[in-house]
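*Asks:* Structure below; questions to follow.
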Amino acid sequence: MEHWSSRKGFILAAVGSAVGIANIWRLSAVVGQNGGGAYPVMYFFVCL
């Protein structure tokens, strides 16, 4: 079983993950409201 080396490292990783997920979620919503459909496809492609 793996363990985090420090509590601070775990918290930074959790915050980074949450910010990344929120960024993807918000981008999709804003682009959808403004009528752009091709941008999220390229965004996800670049992220991969």
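Chain lettering (A, B, ...) mirrors the order of the structure tokens, residue numbering begins at 1 for each chain separately, and ligand numbering begins at 1 in order of display.
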At a cut-off of 10 Å, using only C-alpha atoms, what residues contact Tyr43 in chain A? Leave out same-chain residues fewer than 5 positions from it and give the result as a ChimeraX atom specification.
*Replies:* /A:24,27-28,38,48
*Asks:* Within 12 Å of Asn23 in chain A, counting only C-alpha atoms, which residues show up once you throw out same-chain ones fewer than 4 positions away? Write them as a short mmCIF file (atom, residue, chain, number, x, y, z; two decimals) with C-alpha atoms, in the first residue's frame, please.
*Replies:*
data_model
loop_
_atom_site.label_atom_id
_atom_site.label_comp_id
_atom_site.auth_asym_id
_atom_site.auth_seq_id
_atom_site.Cartn_x
_atom_site.Cartn_y
_atom_site.Cartn_z
CA GLY A 16 -4.38 20.86 -7.83
CA SER A 17 -6.75 18.12 -8.90
CA ALA A 18 -9.82 20.10 -7.80
CA VAL A 19 -8.65 23.24 -9.62
CA LEU A 27 -14.71 25.98 -19.72
CA SER A 28 -17.32 23.60 -21.11
CA ALA A 29 -20.16 25.59 -19.55
CA VAL A 30 -18.92 28.99 -20.77
CA PRO A 40 -13.63 22.15 -26.22
CA TYR A 43 -8.87 21.82 -25.64
CA PHE A 44 -9.35 18.19 -24.60
CA CYS A 47 -4.78 18.23 -22.66
#
*Asks:* Going by DSSP on the backbone, which bits of chain A are helix (DSSP H, G or I)? Write them as an NGL selection string, please.
*Replies:* :A and (7-33 or 38-47)
*Asks:* With N, CA and C atoms retained, could you export that selection as an mmCIF file, in the first residue's frame?
*Replies:*
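out_33.cif, freshly written:
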data_model
loop_
_atom_site.group_PDB
_atom_site.id
_atom_site.type_symbol
_atom_site.label_atom_id
_atom_site.label_comp_id
_atom_site.auth_asym_id
_atom_site.auth_seq_id
_atom_site.Cartn_x
_atom_site.Cartn_y
_atom_site.Cartn_z
ATOM 1 N N ARG A 7 1.774 15.330 4.703
ATOM 2 C CA ARG A 7 0.396 15.821 4.641
ATOM 3 C C ARG A 7 0.301 16.997 3.676
ATOM 4 N N LYS A 8 1.325 17.836 3.659
ATOM 5 C CA LYS A 8 1.344 18.995 2.773
ATOM 6 C C LYS A 8 1.303 18.550 1.307
ATOM 7 N N GLY A 9 2.038 17.514 0.962
ATOM 8 C CA GLY A 9 2.026 16.995 -0.407
ATOM 9 C C GLY A 9 0.659 16.500 -0.813
ATOM 10 N N PHE A 10 -0.022 15.820 0.090
ATOM 11 C CA PHE A 10 -1.373 15.335 -0.196
ATOM 12 C C PHE A 10 -2.339 16.489 -0.432
ATOM 13 N N ILE A 11 -2.270 17.505 0.414
ATOM 14 C CA ILE A 11 -3.171 18.653 0.294
ATOM 15 C C ILE A 11 -2.915 19.393 -1.017
ATOM 16 N N LEU A 12 -1.652 19.589 -1.383
ATOM 17 C CA LEU A 12 -1.337 20.272 -2.643
ATOM 18 C C LEU A 12 -1.824 19.469 -3.844
ATOM 19 N N ALA A 13 -1.677 18.153 -3.795
ATOM 20 C CA ALA A 13 -2.160 17.318 -4.897
ATOM 21 C C ALA A 13 -3.681 17.362 -4.996
ATOM 22 N N ALA A 14 -4.374 17.332 -3.868
ATOM 23 C CA ALA A 14 -5.835 17.377 -3.867
ATOM 24 C C ALA A 14 -6.341 18.722 -4.394
ATOM 25 N N VAL A 15 -5.711 19.808 -3.979
ATOM 26 C CA VAL A 15 -6.113 21.143 -4.446
ATOM 27 C C VAL A 15 -5.840 21.277 -5.946
ATOM 28 N N GLY A 16 -4.702 20.802 -6.401
ATOM 29 C CA GLY A 16 -4.377 20.862 -7.826
ATOM 30 C C GLY A 16 -5.366 20.082 -8.668
ATOM 31 N N SER A 17 -5.765 18.929 -8.179
ATOM 32 C CA SER A 17 -6.750 18.118 -8.899
ATOM 33 C C SER A 17 -8.094 18.829 -8.956
ATOM 34 N N ALA A 18 -8.530 19.397 -7.851
ATOM 35 C CA ALA A 18 -9.819 20.096 -7.802
ATOM 36 C C ALA A 18 -9.821 21.312 -8.722
ATOM 37 N N VAL A 19 -8.732 22.052 -8.756
ATOM 38 C CA VAL A 19 -8.651 23.235 -9.618
ATOM 39 C C VAL A 19 -8.674 22.812 -11.078
ATOM 40 N N GLY A 20 -7.978 21.753 -11.420
ATOM 41 C CA GLY A 20 -7.967 21.275 -12.799
ATOM 42 C C GLY A 20 -9.340 20.814 -13.253
ATOM 43 N N ILE A 21 -10.043 20.088 -12.406
ATOM 44 C CA ILE A 21 -11.381 19.608 -12.749
ATOM 45 C C ILE A 21 -12.346 20.787 -12.871
ATOM 46 N N ALA A 22 -12.237 21.765 -11.988
ATOM 47 C CA ALA A 22 -13.111 22.941 -12.048
ATOM 48 C C ALA A 22 -12.855 23.736 -13.327
ATOM 49 N N ASN A 23 -11.606 23.819 -13.750
ATOM 50 C CA ASN A 23 -11.268 24.542 -14.974
ATOM 51 C C ASN A 23 -11.927 23.886 -16.178
ATOM 52 N N ILE A 24 -11.848 22.575 -16.291
ATOM 53 C CA ILE A 24 -12.462 21.863 -17.417
ATOM 54 C C ILE A 24 -13.980 22.018 -17.365
ATOM 55 N N TRP A 25 -14.564 21.905 -16.183
ATOM 56 C CA TRP A 25 -16.019 22.010 -16.035
ATOM 57 C C TRP A 25 -16.499 23.407 -16.435
ATOM 58 N N ARG A 26 -15.835 24.445 -15.964
ATOM 59 C CA ARG A 26 -16.238 25.823 -16.256
ATOM 60 C C ARG A 26 -16.052 26.146 -17.724
ATOM 61 N N LEU A 27 -14.962 25.706 -18.318
ATOM 62 C CA LEU A 27 -14.714 25.977 -19.724
ATOM 63 C C LEU A 27 -15.842 25.425 -20.586
ATOM 64 N N SER A 28 -16.246 24.204 -20.336
ATOM 65 C CA SER A 28 -17.323 23.600 -21.114
ATOM 66 C C SER A 28 -18.615 24.392 -20.980
ATOM 67 N N ALA A 29 -18.923 24.833 -19.784
ATOM 68 C CA ALA A 29 -20.155 25.591 -19.554
ATOM 69 C C ALA A 29 -20.124 26.943 -20.264
ATOM 70 N N VAL A 30 -19.028 27.658 -20.162
ATOM 71 C CA VAL A 30 -18.924 28.986 -20.770
ATOM 72 C C VAL A 30 -18.963 28.887 -22.297
ATOM 73 N N VAL A 31 -18.237 27.940 -22.841
ATOM 74 C CA VAL A 31 -18.220 27.787 -24.301
ATOM 75 C C VAL A 31 -19.593 27.365 -24.800
ATOM 76 N N GLY A 32 -20.266 26.474 -24.080
ATOM 77 C CA GLY A 32 -21.609 26.055 -24.476
ATOM 78 C C GLY A 32 -22.603 27.193 -24.460
ATOM 79 N N GLN A 33 -22.496 28.079 -23.490
ATOM 80 C CA GLN A 33 -23.402 29.219 -23.402
ATOM 81 C C GLN A 33 -23.165 30.219 -24.530
ATOM 82 N N ALA A 38 -16.376 23.760 -31.200
ATOM 83 C CA ALA A 38 -15.110 23.190 -31.646
ATOM 84 C C ALA A 38 -13.987 23.428 -30.638
ATOM 85 N N TYR A 39 -14.080 24.481 -29.877
ATOM 86 C CA TYR A 39 -13.007 24.805 -28.932
ATOM 87 C C TYR A 39 -12.799 23.725 -27.872
ATOM 88 N N PRO A 40 -13.859 23.193 -27.220
ATOM 89 C CA PRO A 40 -13.626 22.147 -26.220
ATOM 90 C C PRO A 40 -12.983 20.892 -26.800
ATOM 91 N N VAL A 41 -13.300 20.577 -28.055
ATOM 92 C CA VAL A 41 -12.688 19.394 -28.686
ATOM 93 C C VAL A 41 -11.180 19.585 -28.769
ATOM 94 N N MET A 42 -10.737 20.743 -29.243
ATOM 95 C CA MET A 42 -9.305 21.016 -29.340
ATOM 96 C C MET A 42 -8.667 21.126 -27.958
ATOM 97 N N TYR A 43 -9.390 21.690 -27.002
ATOM 98 C CA TYR A 43 -8.871 21.824 -25.645
ATOM 99 C C TYR A 43 -8.586 20.451 -25.032
ATOM 100 N N PHE A 44 -9.546 19.537 -25.149
ATOM 101 C CA PHE A 44 -9.349 18.192 -24.599
ATOM 102 C C PHE A 44 -8.255 17.449 -25.352
ATOM 103 N N PHE A 45 -8.167 17.663 -26.651
ATOM 104 C CA PHE A 45 -7.107 17.031 -27.446
ATOM 105 C C PHE A 45 -5.742 17.478 -26.973
ATOM 106 N N VAL A 46 -5.591 18.784 -26.744
ATOM 107 C CA VAL A 46 -4.316 19.328 -26.292
ATOM 108 C C VAL A 46 -3.995 18.832 -24.875
ATOM 109 N N CYS A 47 -5.013 18.713 -24.027
ATOM 110 C CA CYS A 47 -4.779 18.233 -22.664
ATOM 111 C C CYS A 47 -4.284 16.787 -22.647
#
